[in-house]
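The block underneath contains the structure these notes are about, expressed in structure tokens.
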Amino acid sequence: MKKYYFSSESVTEGHPDKLCDYISDKILDECLRQDENSRVAVETFASSNKITIAGQITSKANLDIEKIVRDTIKEIGFDNSETDIDYRTCDIDINITKQSDDIALGVDIGGAGDQGIMFGYATNETENYMPYAIYIAHKLSKRLTDVRKQNIIPYLRPDGKTEVTVEYENDIPKRIENILISTQHLANISMEHLKVDVKKYVIDEVIPQDMIDENTKIFINPTGRFVIGGPLGDTGLTGRKIIVDTYGGYARHGGGAFSGKDATKVDRSAAYIARHIAKNIVANGYADKCEIQLSYAIGIEEPLSIYVNTFGTNKIEEEKIINKIKEKFDLTPNGIIKYLDLQKPIFAKTTNYGHFGKDYLPWEKIIKM
């Protein structure tokens, strides 16, 4: 019997890196709302009561970036510069140029907006075809936000992190070994009170009872006090949570971040179609788990390579799976954009709690292959 432990982490929407991702995707969505052909590559940097927006936008959209930034910070719940950041008083520095003409040369003719490798993954160990550890970690992070915004635990603040360690036997999740939650809170709350509430309203509401036992270890704010958070506690930057955004480390990652990029950037769009393909290979019963790699060259339409790994769980030959992929999908940037309808302002819905595993996103649709 093969037994091992695997851990994955997630973060809430108030984590400083996720704040930056969300702002970048909100700007992208507004560009696409006004001009579906917008080219966007925007990054956000958050520091002590200051937000810096930089990057390239080529669009007919008329943007009020400062308003987008302040509205987004307010939506997340940051309103105190003494503990995190205040949407009303923070400084906002904007440095936006248009897309390089050199890059546009390749993109305008339908080529990829950059070189790179992208991975997609799926497994049948959860209902949404995601690895179990990241599946549970995201549910805990989402629940932390929900209990704060619904005033179930009203003294929580937006910043928070979760981590889950799963015990596997023969590649099947058997139990949860560790649960770790760190959450920002108001200064006048005792740790005893917080731990009771988080256990009752977050952990007990999320974790299946048959996955925990007397040996499961639970850590809630193990350092104790967590009052200073958000960009005051740590700087934030777009694209720094690439493993949280994907598969929690259970599958490989090409290295390219997603948020703030329109779909001509294959870092984003090709990772989405790779997930779609991997998920449908598993959902159609061709394998129990599947990893797809695609590679692209800037200015070139077709992928340079397609790689499939089913980890020995395939029910048909992997060569036949590759042939099905080539017959079914147009993997050029324009083909991906058209197939997944990626010129719509849907990207802020992807930012938090993972870009994969959400049934309402187009790359999560199950089809017949």
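Just remember, in the structure tokens the first chain shown is A, the second B, etc., residues are 1-based per chain, and ligands are 1-based in the order shown.
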Hey, which bits of range 219-311 of chain A sit within 12 Å of range 56-62 of chain A, and for each residue what's the closest pair of atoms and how far apart in Å (one decimal), counting only C-alpha atoms, rows by chain and increasing number, as JSON lines?
{"residue": "A:Gly260", "atom": "CA", "partner": "A:Gln56", "partner_atom": "CA", "distance": 9.9}
{"residue": "A:Lys261", "atom": "CA", "partner": "A:Gln56", "partner_atom": "CA", "distance": 9.7}
{"residue": "A:Asp262", "atom": "CA", "partner": "A:Ile57", "partner_atom": "CA", "distance": 9.8}
- Message: Run DSSP on the backbone and tell me which residues of range 67-272 of chain A come out as alpha helix (DSSP H); list them as a ChimeraX atom specification.
- Response: /A:67-76,101-107,132-149,191-198,204-206,230-233,242-245,266-272
*Give the answer as one residue: which of A:Asn188, A:Thr165, A:Thr123, A:Gln34 has the shortest atom-to-atom distance to Lys289 in chain A, using only C-alpha atoms?*
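Of A:Asn188, A:Thr165, A:Thr123, A:Gln34, the one nearest Lys289 in chain A, counting only C-alpha atoms, is A:Thr123.
CA of Ala271 in chain A lies 13.0 Å from CA of Gln115 in chain A.
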Go through A:Lys279, A:Cys20, A:Pro231, A:Arg148 one by one, measure the shortest atom-to-atom distance of each to Asp359 in chain A using only C-alpha atoms, and give the residue with the smallest value.
->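 Smallest separation from Asp359 in chain A among the options: A:Lys279.
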ask   = Out of range 109-252 of chain A, which residues get strand (DSSP E) from DSSP, as a VMD selection string?
value = chain A and resid 116 to 123 156 to 169 172 to 185 217 to 220 236 to 237
>> Give me, as a list in words, all polymer residues having an atom no more than 12 Å from Asp146 in chain A, counting only C-alpha atoms and skipping those fewer than 2 positions away in the same chain.
In response: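 Contacts, in chain order: Thr12, Glu13, Ile76, Gly77, Lys139, Leu140, Ser141, Lys142, Arg143, Leu144, Arg148, Lys149, Gln150, Asn151, Ile152, Ile153, Pro154, Leu156, Arg157, Pro158, Val198, Tyr201, Val202, Glu205 and Val206 of chain A.
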Resulting file, chosen residues, C-alpha atoms, as an mmCIF file, in the first residue's frame:
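What follows is the written file again.cif:
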data_model
loop_
_atom_site.group_PDB
_atom_site.id
_atom_site.type_symbol
_atom_site.label_atom_id
_atom_site.label_comp_id
_atom_site.auth_asym_id
_atom_site.auth_seq_id
_atom_site.Cartn_x
_atom_site.Cartn_y
_atom_site.Cartn_z
ATOM 1 C CA THR A 12 -8.826 34.897 0.453
ATOM 2 C CA GLU A 13 -9.660 37.802 -1.826
ATOM 3 C CA ILE A 76 -13.178 43.468 -0.907
ATOM 4 C CA GLY A 77 -13.728 45.304 2.378
ATOM 5 C CA LYS A 139 -13.636 25.979 -0.028
ATOM 6 C CA LEU A 140 -12.168 27.034 3.317
ATOM 7 C CA SER A 141 -10.914 30.352 1.920
ATOM 8 C CA LYS A 142 -14.248 31.072 0.247
ATOM 9 C CA ARG A 143 -16.057 30.259 3.475
ATOM 10 C CA LEU A 144 -13.776 32.631 5.419
ATOM 11 C CA ARG A 148 -17.110 37.849 7.135
ATOM 12 C CA LYS A 149 -19.341 39.435 4.511
ATOM 13 C CA GLN A 150 -22.508 37.781 5.863
ATOM 14 C CA ASN A 151 -21.667 38.974 9.408
ATOM 15 C CA ILE A 152 -21.594 35.432 10.723
ATOM 16 C CA ILE A 153 -18.119 36.240 12.095
ATOM 17 C CA PRO A 154 -18.284 40.047 11.812
ATOM 18 C CA LEU A 156 -12.888 39.150 10.640
ATOM 19 C CA ARG A 157 -10.948 41.332 8.186
ATOM 20 C CA PRO A 158 -10.310 40.544 4.481
ATOM 21 C CA VAL A 198 -13.606 29.598 12.932
ATOM 22 C CA TYR A 201 -18.573 28.333 11.235
ATOM 23 C CA VAL A 202 -15.772 27.618 8.766
ATOM 24 C CA GLU A 205 -19.231 23.747 7.586
ATOM 25 C CA VAL A 206 -16.680 22.754 4.924
#
Write out as JSON, numbers by chain the residues lying within 7 Å of Asp21 in chain A, counting only C-alpha atoms and excluding same-chain residues fewer than 4 positions away. {"A": [17, 25, 238, 239, 259, 260, 351]}
Output N, CA and C atoms of each residue in that selection to a file, as an mmCIF file, in the first residue's frame.
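In the end it all went to again.cif:
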data_model
loop_
_atom_site.group_PDB
_atom_site.id
_atom_site.type_symbol
_atom_site.label_atom_id
_atom_site.label_comp_id
_atom_site.auth_asym_id
_atom_site.auth_seq_id
_atom_site.Cartn_x
_atom_site.Cartn_y
_atom_site.Cartn_z
ATOM 1 N N ASP A 17 -1.695 39.816 -2.620
ATOM 2 C CA ASP A 17 -1.493 39.397 -4.013
ATOM 3 C C ASP A 17 -2.819 39.248 -4.748
ATOM 4 N N ASP A 25 -7.799 42.248 -13.074
ATOM 5 C CA ASP A 25 -8.876 41.633 -13.840
ATOM 6 C C ASP A 25 -10.092 42.537 -13.957
ATOM 7 N N THR A 238 0.388 41.443 -8.753
ATOM 8 C CA THR A 238 -0.336 40.601 -9.694
ATOM 9 C C THR A 238 0.535 39.422 -10.148
ATOM 10 N N GLY A 239 -0.062 38.240 -10.184
ATOM 11 C CA GLY A 239 0.603 37.076 -10.762
ATOM 12 C C GLY A 239 1.497 36.298 -9.831
ATOM 13 N N SER A 259 -3.876 36.772 -14.378
ATOM 14 C CA SER A 259 -4.689 37.973 -14.173
ATOM 15 C C SER A 259 -4.124 39.197 -14.880
ATOM 16 N N GLY A 260 -5.035 40.018 -15.395
ATOM 17 C CA GLY A 260 -4.666 41.253 -16.074
ATOM 18 C C GLY A 260 -4.309 41.071 -17.533
ATOM 19 N N THR A 351 -10.751 35.289 -10.667
ATOM 20 C CA THR A 351 -9.574 35.712 -9.913
ATOM 21 C C THR A 351 -9.382 34.960 -8.604
#
> By how many Å are CA of Ser81 in chain A and CA of Leu19 in chain A apart?
Replying inline: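 Rounded to one decimal, the two atoms are 14.9 Å apart.
Counting from CA of Cys290 in chain A, the distance to CA of Tyr4 in chain A is 19.8 Å.
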Considering only C-alpha atoms, return as an mmCIF file with N, CA and C atoms, in the first residue's frame whatever protein or nucleic-acid residues lie within 10 Å of Tyr87 in chain A, sequence-local ones (same chain, fewer than 4 positions apart) excluded.
data_model
loop_
_atom_site.group_PDB
_atom_site.id
_atom_site.type_symbol
_atom_site.label_atom_id
_atom_site.label_comp_id
_atom_site.auth_asym_id
_atom_site.auth_seq_id
_atom_site.Cartn_x
_atom_site.Cartn_y
_atom_site.Cartn_z
ATOM 1 N N ASN A 49 -0.787 51.637 1.926
ATOM 2 C CA ASN A 49 -1.780 52.638 1.507
ATOM 3 C C ASN A 49 -1.488 53.228 0.133
ATOM 4 N N LYS A 50 -0.904 52.398 -0.759
ATOM 5 C CA LYS A 50 -0.630 52.863 -2.119
ATOM 6 C C LYS A 50 -0.828 51.724 -3.104
ATOM 7 N N ILE A 51 -1.455 52.060 -4.227
ATOM 8 C CA ILE A 51 -1.658 51.108 -5.313
ATOM 9 C C ILE A 51 -0.992 51.665 -6.565
ATOM 10 N N LYS A 67 -11.162 55.057 -10.345
ATOM 11 C CA LYS A 67 -12.456 54.632 -9.796
ATOM 12 C C LYS A 67 -12.545 53.117 -9.731
ATOM 13 N N VAL A 69 -10.120 51.038 -9.315
ATOM 14 C CA VAL A 69 -9.267 50.598 -8.214
ATOM 15 C C VAL A 69 -9.960 50.817 -6.877
ATOM 16 N N ARG A 70 -10.477 52.016 -6.660
ATOM 17 C CA ARG A 70 -11.109 52.312 -5.359
ATOM 18 C C ARG A 70 -12.357 51.455 -5.149
ATOM 19 N N ASP A 71 -13.161 51.283 -6.176
ATOM 20 C CA ASP A 71 -14.367 50.455 -6.042
ATOM 21 C C ASP A 71 -14.014 49.009 -5.735
ATOM 22 N N THR A 72 -12.943 48.513 -6.318
ATOM 23 C CA THR A 72 -12.529 47.125 -6.084
ATOM 24 C C THR A 72 -12.030 46.930 -4.658
ATOM 25 N N ILE A 73 -11.219 47.859 -4.184
ATOM 26 C CA ILE A 73 -10.729 47.767 -2.801
ATOM 27 C C ILE A 73 -11.898 47.821 -1.821
ATOM 28 N N LYS A 74 -12.873 48.687 -2.109
ATOM 29 C CA LYS A 74 -14.063 48.792 -1.255
ATOM 30 C C LYS A 74 -14.861 47.495 -1.274
ATOM 31 N N GLU A 75 -15.030 46.910 -2.462
ATOM 32 C CA GLU A 75 -15.779 45.657 -2.586
ATOM 33 C C GLU A 75 -15.163 44.554 -1.735
ATOM 34 N N ILE A 76 -13.847 44.487 -1.709
ATOM 35 C CA ILE A 76 -13.178 43.468 -0.907
ATOM 36 C C ILE A 76 -13.372 43.725 0.592
ATOM 37 N N GLY A 77 -13.465 44.988 0.977
ATOM 38 C CA GLY A 77 -13.728 45.304 2.378
ATOM 39 C C GLY A 77 -12.616 46.036 3.092
ATOM 40 N N PHE A 78 -11.651 46.557 2.362
ATOM 41 C CA PHE A 78 -10.536 47.283 2.970
ATOM 42 C C PHE A 78 -10.909 48.760 3.140
ATOM 43 N N ASP A 79 -10.916 49.203 4.392
ATOM 44 C CA ASP A 79 -11.307 50.585 4.667
ATOM 45 C C ASP A 79 -10.575 51.182 5.868
ATOM 46 N N ASN A 80 -9.382 50.637 6.164
ATOM 47 C CA ASN A 80 -8.663 51.106 7.353
ATOM 48 C C ASN A 80 -7.162 51.099 7.069
ATOM 49 N N SER A 81 -6.597 52.279 6.892
ATOM 50 C CA SER A 81 -5.167 52.384 6.572
ATOM 51 C C SER A 81 -4.284 52.008 7.754
ATOM 52 N N ASP A 91 -3.159 56.239 -1.990
ATOM 53 C CA ASP A 91 -2.600 56.851 -3.194
ATOM 54 C C ASP A 91 -2.696 55.858 -4.356
ATOM 55 N N ILE A 92 -2.965 56.386 -5.540
ATOM 56 C CA ILE A 92 -3.047 55.541 -6.732
ATOM 57 C C ILE A 92 -2.158 56.144 -7.802
#
Using only C-alpha atoms, which residues of range 84-133 of chain A come within 10 Å of range 322-345 of chain A, and what is the closest atom pair for each, with the distance in Å to one decimal? Give it as a Markdown table, sorted by chain and residue number.
| residue | atom | partner | partner_atom | distance |
| --- | --- | --- | --- | --- |
| A:Val107 | CA | A:Pro333 | CA | 8.9 |
| A:Ile109 | CA | A:Asn334 | CA | 9.6 |
| A:Gly110 | CA | A:Asn334 | CA | 6.0 |
| A:Gly111 | CA | A:Pro333 | CA | 6.5 |
| A:Ala112 | CA | A:Pro333 | CA | 5.9 |
| A:Gly113 | CA | A:Pro333 | CA | 8.4 |
Just write the chosen residues, C-alpha atoms, as a short mmCIF file (atom, residue, chain, number, x, y, z; two decimals), in the first residue's frame.
data_model
loop_
_atom_site.label_atom_id
_atom_site.label_comp_id
_atom_site.auth_asym_id
_atom_site.auth_seq_id
_atom_site.Cartn_x
_atom_site.Cartn_y
_atom_site.Cartn_z
CA VAL A 107 -0.89 39.07 -32.61
CA ILE A 109 -2.26 38.08 -37.77
CA GLY A 110 -3.59 35.58 -35.21
CA GLY A 111 -0.33 34.45 -33.66
CA ALA A 112 0.36 33.85 -29.98
CA GLY A 113 1.11 36.95 -27.94
#
For the contact check between range 222-273 of chain A and range 353-356 of chain A, emit one row per residue of range 222-273 of chain A within 7 Å, containing the shortest atom pair and the distance in Å rounded to one decimal, counting only C-alpha atoms, chain then rising number order, as a Markdown table.
| residue | atom | partner | partner_atom | distance |
| --- | --- | --- | --- | --- |
| A:Val244 | CA | A:Gly354 | CA | 6.3 |
| A:Asp245 | CA | A:Gly354 | CA | 4.4 |
| A:Thr246 | CA | A:Gly354 | CA | 6.1 |
- Message: Report as a PyMOL selection string all protein, DNA and RNA residues lying within 10 Å of Lys349 in chain A, evaluated on only C-alpha atoms, omitting residues in the same chain fewer than 6 positions from it.
- Response: chain A and resi 22+25-26+29+355+358+360-361
Q. Pick from A:Thr183, A:Thr83, A:Thr126, A:Thr223: nearest to Val147 in chain A, with only C-alpha atoms counted?
A.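 Of A:Thr183, A:Thr83, A:Thr126, A:Thr223, the one nearest Val147 in chain A, counting only C-alpha atoms, is A:Thr183.
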Worksheet item: What lies within 10 Å of Ala187 in chain A using only C-alpha atoms, ignoring chain neighbours under 5 positions off, as a ChimeraX atom specification?
Response: /A:83,155-156,225-228
Could you dump the residues just selected with C-alpha atoms as a PDB file, in the first residue's frame?
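part.pdb, freshly written:
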ATOM      1  CA  THR A  83      -4.579  47.844   9.704  1.00  0.00           C
ATOM      2  CA  TYR A 155     -14.912  40.757  13.413  1.00  0.00           C
ATOM      3  CA  LEU A 156     -12.888  39.150  10.640  1.00  0.00           C
ATOM      4  CA  ARG A 225      -2.548  37.973  16.714  1.00  0.00           C
ATOM      5  CA  PHE A 226      -3.220  38.851  13.044  1.00  0.00           C
ATOM      6  CA  VAL A 227      -4.495  42.438  13.070  1.00  0.00           C
ATOM      7  CA  ILE A 228      -2.156  44.025  10.519  1.00  0.00           C
TER       8      ILE A 228
END
